[in-house]
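So this block is target.tsv, TSV, C-alpha atoms:
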```
chain	number	residue	atom	x	y	z
A	1	MET	CA	-116.57	-264.26	22.22
A	2	GLU	CA	-115.85	-267.87	21.26
A	3	GLN	CA	-114.63	-268.25	17.67
A	4	VAL	CA	-117.12	-270.15	15.51
A	5	PRO	CA	-115.40	-272.52	13.05
A	6	GLU	CA	-115.94	-271.86	9.37
A	7	GLY	CA	-117.81	-274.12	7.01
A	8	LEU	CA	-120.64	-276.55	7.65
A	9	ALA	CA	-119.64	-277.25	11.27
A	10	GLY	CA	-119.78	-273.56	12.08
A	11	ARG	CA	-123.13	-273.13	10.34
A	12	LEU	CA	-124.64	-275.97	12.38
A	13	ARG	CA	-123.45	-274.39	15.62
A	14	ALA	CA	-124.51	-270.88	14.59
A	15	ALA	CA	-128.01	-272.08	13.67
A	16	ARG	CA	-128.39	-273.87	17.01
A	17	VAL	CA	-127.17	-270.88	19.02
A	18	GLU	CA	-129.39	-268.50	17.04
A	19	ALA	CA	-132.39	-270.73	17.80
A	20	GLY	CA	-131.54	-270.65	21.52
A	21	VAL	CA	-131.18	-274.44	21.73
A	22	THR	CA	-128.50	-275.88	24.01
A	23	LEU	CA	-126.44	-278.92	23.09
A	24	ALA	CA	-128.24	-280.89	25.79
A	25	ALA	CA	-131.63	-279.88	24.41
A	26	MET	CA	-130.47	-280.71	20.88
A	27	ALA	CA	-129.41	-284.16	22.06
A	28	GLY	CA	-132.81	-284.63	23.67
A	29	ARG	CA	-134.61	-283.83	20.42
A	30	THR	CA	-132.47	-286.12	18.27
A	31	HIS	CA	-131.02	-289.60	18.75
A	32	TYR	CA	-127.46	-288.20	18.85
A	33	SER	CA	-125.48	-287.73	22.05
A	34	LYS	CA	-124.43	-284.32	23.33
A	35	ALA	CA	-120.78	-285.33	22.90
A	36	LEU	CA	-121.26	-286.27	19.24
A	37	LEU	CA	-123.13	-283.04	18.50
A	38	GLY	CA	-120.31	-281.08	20.08
A	39	HIS	CA	-117.78	-282.89	17.92
A	40	LEU	CA	-119.84	-282.18	14.79
A	41	GLU	CA	-119.99	-278.47	15.57
A	42	THR	CA	-116.24	-278.19	16.17
A	43	GLY	CA	-115.32	-280.17	13.08
A	44	ALA	CA	-113.86	-283.02	15.14
A	45	ARG	CA	-116.23	-285.56	13.55
A	46	ALA	CA	-117.30	-285.96	9.93
A	47	ILE	CA	-120.73	-284.45	9.24
A	48	ARG	CA	-123.04	-286.75	7.30
A	49	PRO	CA	-126.28	-285.90	5.45
A	50	GLU	CA	-128.42	-287.38	8.22
A	51	HIS	CA	-126.80	-285.03	10.76
A	52	VAL	CA	-127.76	-282.02	8.65
A	53	THR	CA	-131.30	-283.33	8.31
A	54	ALA	CA	-131.58	-283.62	12.11
A	55	TYR	CA	-130.45	-280.01	12.62
A	56	SER	CA	-132.82	-278.82	9.89
A	57	ARG	CA	-135.83	-280.53	11.46
A	58	VAL	CA	-135.12	-279.55	15.06
A	59	LEU	CA	-134.14	-275.94	14.36
A	60	GLY	CA	-136.59	-275.22	11.54
A	61	VAL	CA	-133.72	-274.15	9.28
A	62	SER	CA	-133.54	-275.23	5.65
A	63	VAL	CA	-130.93	-277.72	4.55
A	64	GLU	CA	-129.84	-275.22	1.89
A	65	ARG	CA	-129.09	-272.56	4.50
A	66	LEU	CA	-127.12	-274.99	6.66
A	67	HIS	CA	-125.03	-276.17	3.73
A	68	GLY	CA	-124.32	-272.68	2.47
A	69	PRO	CA	-123.25	-271.88	-1.10
A	70	ALA	CA	-124.98	-273.70	-3.93
A	71	ASP	CA	-121.68	-275.04	-5.26
A	72	ASP	CA	-121.05	-277.03	-2.07
A	73	ALA	CA	-120.79	-280.61	-3.35
A	74	LEU	CA	-121.95	-282.13	-0.08
A	75	ARG	CA	-125.05	-279.93	-0.17
A	76	ILE	CA	-125.85	-281.21	-3.63
A	77	ALA	CA	-125.32	-284.77	-2.47
A	78	HIS	CA	-127.61	-284.21	0.50
A	79	GLU	CA	-130.38	-282.92	-1.76
A	80	TRP	CA	-130.14	-286.14	-3.76
A	81	LEU	CA	-130.51	-288.14	-0.56
A	82	VAL	CA	-133.64	-286.43	0.79
A	83	ALA	CA	-135.56	-285.79	-2.45
A	84	ASP	CA	-137.79	-288.34	-4.16
A	85	THR	CA	-136.21	-289.91	-7.23
A	86	PRO	CA	-138.08	-289.82	-10.56
A	87	MET	CA	-138.22	-293.63	-10.39
A	88	ARG	CA	-140.09	-293.57	-7.09
A	89	VAL	CA	-142.50	-290.91	-8.36
A	90	GLN	CA	-143.15	-292.97	-11.49
A	91	LEU	CA	-143.79	-296.16	-9.54
A	92	ARG	CA	-146.27	-294.38	-7.26
A	93	ALA	CA	-148.08	-292.99	-10.28
A	94	GLY	CA	-148.31	-296.46	-11.82
A	95	ARG	CA	-147.99	-295.18	-15.36
A	96	ARG	CA	-146.32	-296.99	-18.21
A	97	VAL	CA	-142.61	-296.13	-18.35
A	98	GLY	CA	-141.40	-294.44	-21.51
A	99	ASP	CA	-138.22	-293.05	-23.02
A	100	ALA	CA	-138.51	-289.79	-21.05
A	101	LEU	CA	-137.89	-291.57	-17.75
A	102	ALA	CA	-135.02	-293.57	-19.22
A	103	THR	CA	-133.49	-290.29	-20.38
A	104	GLU	CA	-133.91	-288.78	-16.92
A	105	LEU	CA	-132.26	-291.82	-15.32
A	106	GLU	CA	-129.32	-291.50	-17.71
A	107	ARG	CA	-128.96	-287.82	-16.85
A	108	ARG	CA	-128.99	-288.53	-13.12
A	109	ILE	CA	-126.34	-291.23	-13.50
A	110	VAL	CA	-124.02	-288.75	-15.22
A	111	GLU	CA	-124.55	-286.21	-12.42
A	112	LEU	CA	-123.87	-288.81	-9.74
A	113	ARG	CA	-120.78	-290.03	-11.56
A	114	HIS	CA	-119.36	-286.51	-11.64
A	115	LEU	CA	-120.23	-285.99	-7.96
A	116	ASP	CA	-117.84	-288.87	-7.27
A	117	ASP	CA	-115.04	-286.59	-8.47
A	118	VAL	CA	-115.50	-284.32	-5.46
A	119	VAL	CA	-117.41	-286.33	-2.81
A	120	GLY	CA	-115.88	-289.23	-0.87
A	121	GLY	CA	-117.37	-292.71	-0.91
A	122	ASN	CA	-118.54	-292.56	2.71
A	123	ASP	CA	-120.83	-289.64	1.81
A	124	LEU	CA	-121.85	-290.70	-1.68
A	125	PHE	CA	-122.56	-294.41	-1.18
A	126	PRO	CA	-126.00	-294.12	0.49
A	127	ILE	CA	-127.14	-291.80	-2.29
A	128	VAL	CA	-126.01	-294.06	-5.13
A	129	ALA	CA	-127.28	-297.17	-3.33
A	130	ARG	CA	-130.77	-295.68	-3.03
A	131	GLU	CA	-130.79	-294.67	-6.69
A	132	LEU	CA	-129.73	-298.20	-7.65
A	133	ARG	CA	-132.41	-299.86	-5.50
A	134	GLU	CA	-135.14	-297.77	-7.08
A	135	ALA	CA	-133.83	-298.29	-10.61
A	136	ARG	CA	-133.87	-302.06	-10.02
A	137	THR	CA	-137.44	-301.85	-8.72
A	138	LEU	CA	-138.44	-299.85	-11.78
A	139	VAL	CA	-137.05	-302.50	-14.12
A	140	ARG	CA	-138.74	-305.27	-12.15
A	141	GLU	CA	-142.17	-303.72	-11.70
A	142	SER	CA	-142.79	-301.32	-14.59
A	143	CYS	CA	-144.32	-301.87	-17.97
A	144	CYS	CA	-142.32	-300.62	-20.96
A	145	THR	CA	-141.14	-301.39	-24.48
A	146	GLU	CA	-138.17	-303.68	-25.03
A	147	THR	CA	-136.06	-300.72	-26.15
A	148	THR	CA	-136.84	-298.77	-22.99
A	149	ARG	CA	-136.20	-301.86	-20.88
A	150	ARG	CA	-132.70	-302.20	-22.37
A	151	ARG	CA	-132.00	-298.57	-21.57
A	152	LEU	CA	-133.18	-299.05	-17.99
A	153	LEU	CA	-131.08	-302.22	-17.63
A	154	THR	CA	-128.06	-300.31	-18.91
A	155	GLY	CA	-128.80	-297.66	-16.29
A	156	VAL	CA	-128.88	-300.34	-13.60
A	157	GLY	CA	-125.54	-301.64	-14.85
A	158	GLU	CA	-123.98	-298.16	-14.81
A	159	LEU	CA	-125.39	-297.42	-11.36
A	160	SER	CA	-124.05	-300.78	-10.16
A	161	GLN	CA	-120.58	-299.88	-11.36
A	162	LEU	CA	-120.76	-296.52	-9.64
A	163	ALA	CA	-122.23	-298.05	-6.46
A	164	GLY	CA	-119.49	-300.67	-6.41
A	165	TRP	CA	-116.83	-298.02	-6.91
A	166	VAL	CA	-118.04	-295.77	-4.10
A	167	ALA	CA	-118.69	-298.77	-1.82
A	168	SER	CA	-115.09	-299.83	-2.34
A	169	ASP	CA	-113.94	-296.27	-1.65
A	170	ALA	CA	-115.91	-296.42	1.60
A	171	GLY	CA	-114.24	-299.71	2.59
A	172	ARG	CA	-117.37	-301.83	1.92
A	173	HIS	CA	-115.56	-304.40	-0.18
A	174	ALA	CA	-118.00	-307.33	0.15
A	175	GLU	CA	-120.90	-305.06	-0.78
A	176	ALA	CA	-118.94	-303.68	-3.73
A	177	GLN	CA	-118.29	-307.18	-5.05
A	178	ARG	CA	-121.96	-308.12	-4.77
A	179	VAL	CA	-123.06	-304.97	-6.61
A	180	TYR	CA	-120.45	-305.34	-9.35
A	181	LEU	CA	-121.56	-308.91	-10.09
A	182	SER	CA	-125.27	-308.12	-10.10
A	183	GLY	CA	-124.55	-305.16	-12.38
A	184	THR	CA	-122.69	-307.44	-14.78
A	185	THR	CA	-125.86	-309.51	-15.11
A	186	ALA	CA	-127.94	-306.39	-15.87
A	187	ALA	CA	-125.40	-305.17	-18.45
A	188	ALA	CA	-125.33	-308.57	-20.13
A	189	GLU	CA	-129.14	-308.66	-20.28
A	190	ALA	CA	-129.07	-305.21	-21.87
A	191	GLY	CA	-126.58	-306.47	-24.46
A	192	ASP	CA	-123.93	-303.95	-23.39
A	193	ARG	CA	-120.69	-305.96	-23.46
A	194	ALA	CA	-118.47	-302.92	-22.89
A	195	LEU	CA	-120.34	-302.10	-19.68
A	196	ALA	CA	-120.18	-305.72	-18.52
A	197	GLY	CA	-116.43	-305.56	-19.08
A	198	GLN	CA	-116.22	-302.31	-17.13
A	199	LEU	CA	-117.99	-303.93	-14.16
A	200	LEU	CA	-115.75	-307.00	-14.17
A	201	SER	CA	-112.60	-304.92	-14.53
A	202	SER	CA	-113.74	-302.61	-11.72
A	203	LEU	CA	-114.09	-305.67	-9.50
A	204	SER	CA	-110.64	-306.77	-10.68
A	205	TYR	CA	-109.23	-303.43	-9.54
A	206	GLN	CA	-110.63	-303.94	-6.05
A	207	VAL	CA	-109.47	-307.56	-5.84
A	208	ALA	CA	-105.97	-306.61	-7.00
A	209	THR	CA	-105.79	-304.00	-4.26
A	210	VAL	CA	-107.30	-305.85	-1.29
A	211	GLY	CA	-107.54	-309.51	-2.38
A	212	ASP	CA	-105.70	-312.17	-4.38
A	213	PRO	CA	-103.94	-310.60	-7.41
A	214	ALA	CA	-104.16	-313.90	-9.31
A	215	ASP	CA	-107.97	-313.71	-9.14
A	216	ALA	CA	-107.78	-310.07	-10.21
A	217	VAL	CA	-105.72	-310.98	-13.28
A	218	LEU	CA	-108.31	-313.56	-14.33
A	219	LEU	CA	-111.17	-311.08	-13.91
A	220	ALA	CA	-109.35	-308.31	-15.78
A	221	ARG	CA	-108.40	-310.56	-18.69
A	222	THR	CA	-111.95	-311.93	-18.87
A	223	ALA	CA	-113.21	-308.36	-19.19
A	224	VAL	CA	-110.80	-307.71	-22.06
A	225	ALA	CA	-111.67	-310.96	-23.83
A	226	GLY	CA	-115.35	-310.08	-23.83
A	227	THR	CA	-114.92	-306.55	-25.20
A	228	ARG	CA	-112.52	-306.79	-28.12
A	229	THR	CA	-114.80	-304.66	-30.33
A	230	ALA	CA	-115.26	-301.92	-27.70
A	231	PRO	CA	-114.26	-298.35	-28.64
A	232	PRO	CA	-110.62	-297.31	-28.08
A	233	VAL	CA	-110.85	-295.49	-24.74
A	234	VAL	CA	-112.85	-298.35	-23.23
A	235	ARG	CA	-110.20	-300.80	-24.41
A	236	ALA	CA	-107.50	-298.58	-22.90
A	237	LEU	CA	-109.28	-298.52	-19.54
A	238	LEU	CA	-109.76	-302.29	-19.42
A	239	ARG	CA	-106.12	-302.90	-20.32
A	240	GLU	CA	-105.05	-300.51	-17.57
A	241	ARG	CA	-106.88	-302.73	-15.11
A	242	VAL	CA	-104.98	-305.74	-16.50
A	243	ALA	CA	-101.75	-303.81	-15.97
A	244	TRP	CA	-102.61	-303.08	-12.33
A	245	ALA	CA	-103.61	-306.69	-11.59
A	246	THR	CA	-100.48	-308.13	-13.23
A	247	ALA	CA	-98.25	-305.60	-11.48
A	248	ARG	CA	-99.78	-306.56	-8.14
A	249	ALA	CA	-99.14	-310.21	-9.09
A	250	ARG	CA	-95.49	-309.23	-9.74
A	251	ASP	CA	-95.76	-310.20	-13.41
A	252	ARG	CA	-93.38	-307.63	-14.88
A	253	ASP	CA	-93.73	-308.69	-18.52
A	254	GLY	CA	-97.52	-308.98	-18.28
A	255	ALA	CA	-97.82	-305.51	-16.77
A	256	ARG	CA	-95.61	-303.93	-19.41
A	257	ARG	CA	-97.53	-305.60	-22.22
A	258	ALA	CA	-100.81	-304.40	-20.76
A	259	LEU	CA	-99.51	-300.83	-20.37
A	260	ASP	CA	-98.33	-300.86	-23.98
A	261	ALA	CA	-101.73	-302.16	-25.09
A	262	ALA	CA	-103.47	-299.42	-23.11
A	263	ASP	CA	-101.26	-296.80	-24.80
A	264	ASP	CA	-101.96	-298.25	-28.24
A	265	ALA	CA	-105.71	-298.31	-27.65
A	266	PHE	CA	-105.78	-294.77	-26.30
A	267	GLU	CA	-103.91	-293.44	-29.32
A	268	GLN	CA	-106.64	-294.89	-31.58
A	269	ARG	CA	-109.32	-292.62	-30.09
A	270	SER	CA	-111.06	-290.34	-32.54
A	271	PRO	CA	-113.76	-287.65	-32.43
A	272	GLY	CA	-115.71	-289.80	-34.87
A	273	VAL	CA	-115.78	-292.82	-32.55
A	274	ALA	CA	-118.46	-292.68	-29.84
A	275	GLU	CA	-117.33	-293.58	-26.33
A	276	PRO	CA	-119.59	-294.21	-23.32
A	277	GLU	CA	-119.77	-291.29	-20.91
A	278	TRP	CA	-118.26	-293.39	-18.13
A	279	VAL	CA	-114.77	-293.08	-19.61
A	280	TYR	CA	-114.89	-289.24	-19.55
A	281	TRP	CA	-112.12	-289.09	-16.92
A	282	LEU	CA	-109.51	-291.24	-18.69
A	283	ASP	CA	-106.85	-289.02	-20.24
A	284	ARG	CA	-103.11	-289.14	-20.79
A	285	SER	CA	-102.36	-288.04	-17.23
A	286	GLU	CA	-104.46	-290.86	-15.77
A	287	ILE	CA	-102.68	-293.38	-17.98
A	288	ASP	CA	-99.34	-292.01	-16.79
A	289	VAL	CA	-100.44	-292.32	-13.17
A	290	MET	CA	-101.33	-295.98	-13.66
A	291	ALA	CA	-98.00	-296.60	-15.38
A	292	ALA	CA	-96.21	-294.96	-12.43
A	293	ARG	CA	-98.13	-297.04	-9.90
A	294	CYS	CA	-97.23	-300.22	-11.78
A	295	MET	CA	-93.56	-299.18	-11.85
A	296	ILE	CA	-93.60	-298.74	-8.08
A	297	GLU	CA	-95.22	-302.15	-7.58
A	298	LEU	CA	-92.57	-303.70	-9.83
A	299	GLY	CA	-89.63	-302.12	-7.99
A	300	ASP	CA	-88.86	-299.17	-10.29
A	301	PRO	CA	-89.87	-296.13	-8.19
A	302	ARG	CA	-87.29	-293.81	-9.78
A	303	SER	CA	-89.12	-293.84	-13.12
A	304	ALA	CA	-92.47	-293.18	-11.46
A	305	ALA	CA	-91.83	-289.79	-9.82
A	306	PRO	CA	-91.70	-287.62	-12.99
A	307	LEU	CA	-94.97	-289.09	-14.29
A	308	LEU	CA	-96.71	-288.49	-10.96
A	309	ASP	CA	-95.36	-284.96	-10.57
A	310	ALA	CA	-96.70	-283.92	-13.95
A	311	ALA	CA	-100.11	-285.49	-13.35
A	312	ILE	CA	-100.54	-283.96	-9.90
A	313	ASP	CA	-99.58	-280.49	-11.15
A	314	GLY	CA	-102.33	-280.64	-13.76
A	315	TYR	CA	-105.08	-281.99	-11.50
A	316	PRO	CA	-107.87	-279.63	-10.35
A	317	PRO	CA	-107.56	-279.03	-6.58
A	318	GLU	CA	-111.26	-279.65	-5.97
A	319	HIS	CA	-110.63	-283.30	-6.90
A	320	ALA	CA	-109.03	-283.63	-3.50
A	321	ARG	CA	-109.26	-287.41	-3.14
A	322	GLU	CA	-107.39	-288.12	-6.37
A	323	VAL	CA	-104.80	-285.43	-5.63
A	324	ALA	CA	-104.20	-286.94	-2.19
A	325	LEU	CA	-104.07	-290.50	-3.54
A	326	TYR	CA	-101.57	-289.58	-6.24
A	327	LEU	CA	-99.47	-287.73	-3.69
A	328	THR	CA	-99.25	-290.94	-1.65
A	329	TRP	CA	-97.85	-292.70	-4.71
A	330	LEU	CA	-95.40	-289.86	-5.23
A	331	ALA	CA	-94.38	-290.21	-1.59
A	332	GLU	CA	-93.87	-293.94	-2.06
A	333	SER	CA	-91.76	-293.36	-5.17
A	334	TYR	CA	-89.44	-291.06	-3.20
A	335	LEU	CA	-89.31	-293.40	-0.23
A	336	GLY	CA	-88.44	-296.26	-2.59
A	337	THR	CA	-85.35	-294.40	-3.78
A	338	GLY	CA	-84.27	-293.47	-0.25
A	339	THR	CA	-85.24	-289.80	-0.64
A	340	LEU	CA	-86.90	-289.77	2.76
A	341	ASP	CA	-87.37	-286.02	3.25
A	342	ALA	CA	-89.09	-285.63	-0.14
A	343	GLY	CA	-91.22	-288.69	0.57
A	344	ARG	CA	-92.37	-287.38	3.95
A	345	GLU	CA	-93.07	-283.95	2.49
A	346	ALA	CA	-95.24	-285.50	-0.26
A	347	LEU	CA	-97.07	-287.54	2.38
A	348	ASP	CA	-97.72	-284.40	4.41
A	349	ARG	CA	-99.14	-282.78	1.27
A	350	ALA	CA	-101.38	-285.82	0.84
A	351	ARG	CA	-102.66	-285.44	4.40
A	352	ARG	CA	-103.47	-281.79	3.84
A	353	ALA	CA	-105.29	-282.54	0.60
A	354	ALA	CA	-107.22	-285.35	2.32
A	355	GLN	CA	-108.73	-283.13	5.01
A	356	GLY	CA	-112.50	-283.34	4.82
A	357	VAL	CA	-112.46	-286.17	2.26
A	358	HIS	CA	-114.43	-289.09	3.67
A	359	SER	CA	-112.72	-291.98	1.86
A	360	ALA	CA	-111.69	-295.19	3.62
A	361	ARG	CA	-109.54	-296.04	0.59
A	362	LEU	CA	-107.61	-292.80	0.98
A	363	ASP	CA	-107.24	-293.21	4.74
A	364	ALA	CA	-105.89	-296.73	4.30
A	365	ARG	CA	-103.48	-295.59	1.61
A	366	ILE	CA	-102.07	-292.78	3.78
A	367	ALA	CA	-101.64	-295.19	6.68
A	368	ALA	CA	-99.83	-297.72	4.46
A	369	VAL	CA	-97.35	-295.16	3.14
A	370	GLN	CA	-96.83	-293.82	6.65
A	371	GLN	CA	-95.65	-297.32	7.61
A	372	LEU	CA	-93.04	-297.10	4.85
A	373	ALA	CA	-91.98	-293.62	5.94
A	374	GLY	CA	-91.51	-294.62	9.58
A	375	PRO	CA	-92.37	-292.50	12.61
A	376	ARG	CA	-93.16	-288.90	11.89
A	377	PRO	CA	-90.31	-286.57	12.96
A	378	GLY	CA	-90.81	-284.57	16.11
```
Mind converting the file's structure to structure tokens?
Amino acid sequence: MEQVPEGLAGRLRAARVEAGVTLAAMAGRTHYSKALLGHLETGARAIRPEHVTAYSRVLGVSVERLHGPADDALRIAHEWLVADTPMRVQLRAGRRVGDALATELERRIVELRHLDDVVGGNDLFPIVARELREARTLVRESCCTETTRRRLLTGVGELSQLAGWVASDAGRHAEAQRVYLSGTTAAAEAGDRALAGQLLSSLSYQVATVGDPADAVLLARTAVAGTRTAPPVVRALLRERVAWATARARDRDGARRALDAADDAFEQRSPGVAEPEWVYWLDRSEIDVMAARCMIELGDPRSAAPLLDAAIDGYPPEHAREVALYLTWLAESYLGTGTLDAGREALDRARRAAQGVHSARLDARIAAVQQLAGPRPG
């Protein structure tokens, strides 16, 4: 008997076979070709939420059954995509918006932000984009107190930052820029200067990576100038973005000053000082990774490898995109010192970690380091 692949691809095929539906019949009942469906069922093509929905509808099988265990991050993401949001329900009801809905929006933003740890931008972007559209509509069309309105505007700003981040991860750079800038306006209207700075510095990070580093430096420094009274971890994050932009601009002194400032700010954190939830991920390892990346950009790869090794060893394996990305930097640090075998081995580890992660940013990064490594042996 033919071996059925494990995971979601195998469950799609098993459900179709159990229902007695051929690939040709499946193609006839959906708008997908027989060839594409075959690729989905063998794992040769990435499976997206809309593919699972099509199988569910045609075969009469629940999405939950197709996705399998409840801890499957893609299943959770799919449920977000197909279910009505509280904002849409509220708008249909036409009731006055109160603090309870603002609280629910804030809770959903936290959940989506943490989904980004384990779901690639290609999969997560349509979910975050829908949530953002409906949050904007809620702000525009609902009736609420000024306090609630500020909370909703802050939610729009936070969703805009997340939408821009995942759009950039999916390779949608123009869309990311548009969302970042509109989110900055919402954050400013809400009076949240730290969030406005986060949005501008997030845009700076993208521009430094795929655009003109000089523009990125200006954006990053503008973000810092507008948030001098922000709490310590926020200040550390924004100064990290200055470090990356100045390193990409080959400003060695500027990058080192920014890294020192990020260190100083991070050391000032305190349990008694409230930080926004969106800096939950910034810890000492992440600061070391950014320092290592800046060292590589500035021609000092030898100093970068120990920092990257330690960070990668401590990273949870389910955060596969970050593990793979950091492995590409480790590979580049080895390649930069002429340690070709170690560099190629780290790049191979990055490829293995990247399997099943739908991130254009990660794919581009692996391809760029492969160019440095030269043709693969064999």
_Distance criterion (all atoms listed in the file): nearest to Asp99 in chain A out of A:Met26, A:Leu372, A:Cys144, A:Ala194_ = A:Cys144
*asked:* List the spatial neighbours of range 231-246 of chain A as a PyMOL selection string - criterion: any atom at most 9 Å away, all atoms listed in the file, same-chain residues fewer than 3 positions off excluded.
replied: chain A and resi 194+197-198+201-202+204-205+207-209+213-221+223-224+227-228+249-270+273-276+278-279+282-283+287+290-291+293-294+297
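Residue nearest Arg150 in chain A, chosen from A:Glu106, A:Glu131, A:Asp117, A:Asp192 and counting only C-alpha atoms: A:Asp192.
Between CA of Arg344 in chain A and CA of Arg248 in chain A the interatomic distance comes to 23.9 Å.
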*Would you mind listing what lies within 12 Å of Gly336 in chain A as a PyMOL selection string, with only C-alpha atoms counted and same-chain residues fewer than 6 positions away left out?*
chain A and resi 295-305+329-330+342-344+369+372-373
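Distance annotation: of A:Val357, A:Gly338, A:Leu162, A:Arg149, the residue with the minimal separation from Arg108 in chain A is A:Leu162; atom set is all atoms listed in the file.
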Can you build me a table of range 97-206 of chain A residues sitting at most 12 Å from range 44-53 of chain A, with the closest atom pair per residue and its distance in Å to one decimal, using all atoms listed in the file, sorted by chain and residue number, as CSV?
```
residue,atom,partner,partner_atom,distance
A:Val119,CA,A:Arg48,CA,11.6
A:Gly120,CA,A:Arg48,CA,11.1
A:Gly121,CA,A:Arg48,CA,11.6
A:Asn122,CA,A:Arg48,CA,8.7
A:Asp123,CA,A:Arg48,CA,6.6
A:Leu124,CA,A:Pro49,CA,9.7
A:Phe125,CA,A:Pro49,CA,11.4
A:Pro126,CA,A:Pro49,CA,9.6
A:Ile127,CA,A:Pro49,CA,9.8
```
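A straight line drawn from CA of Asp169 in chain A to CA of Arg361 in chain A is 4.9 Å long.
The spacing separating CA of His319 in chain A from CA of Ser182 in chain A amounts to 29.0 Å.
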_Closest of A:Glu332, A:Arg16, A:Ala187, A:Ala353 to Arg151 in chain A - atom-to-atom distances counting only C-alpha atoms_ = A:Ala187
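The nearest approach to Leu347 in chain A among the residues A:Leu327, A:Leu335, A:Ala310, A:Glu322, with only C-alpha atoms taken into account, belongs to A:Leu327.
Nearest residue to Ala100 in chain A among A:Leu152, A:Leu307, A:Ala54, A:Ala292 is A:Leu152, counting all atoms listed in the file.
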*Skipping near chain neighbours, those fewer than 2 positions away, what residues fall within 9 Å of Thr42 in chain A using all atoms listed in the file, listed as a ChimeraX atom specification?*
/A:4-5,9-10,13,37-40,44-45
*Leu59 in chain A: which residues within 8 Å, counting all atoms listed in the file, same-chain residues fewer than 4 positions away excluded, as an MDAnalysis selection string?*
chainID A and resid 15:16 19 55
For range 327-345 of chain A, take all atoms listed in the file, fit an axis-aligned box around them, add 6 Å to each of the six sides, then output centre and edge lengths in Å rounded to one decimal, as AutoDock Vina command-line options.
```
--center_x -91.9 --center_y -290.1 --center_z -0.6 --size_x 27.2 --size_y 24.3 --size_z 21.2
```
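Near Leu362 in chain A, within 10 Å and counting all atoms listed in the file, sit Gly120, Gly121, Asp169, Ala170, Gly171, Arg321, Glu322, Ala324, Leu325, Tyr326, Thr328, Ala350, Arg351, Ala354, Val357, His358, Ser359, Arg365, Ile366, Ala367 and Ala368 of chain A; same-chain residues fewer than 3 positions away were not included.
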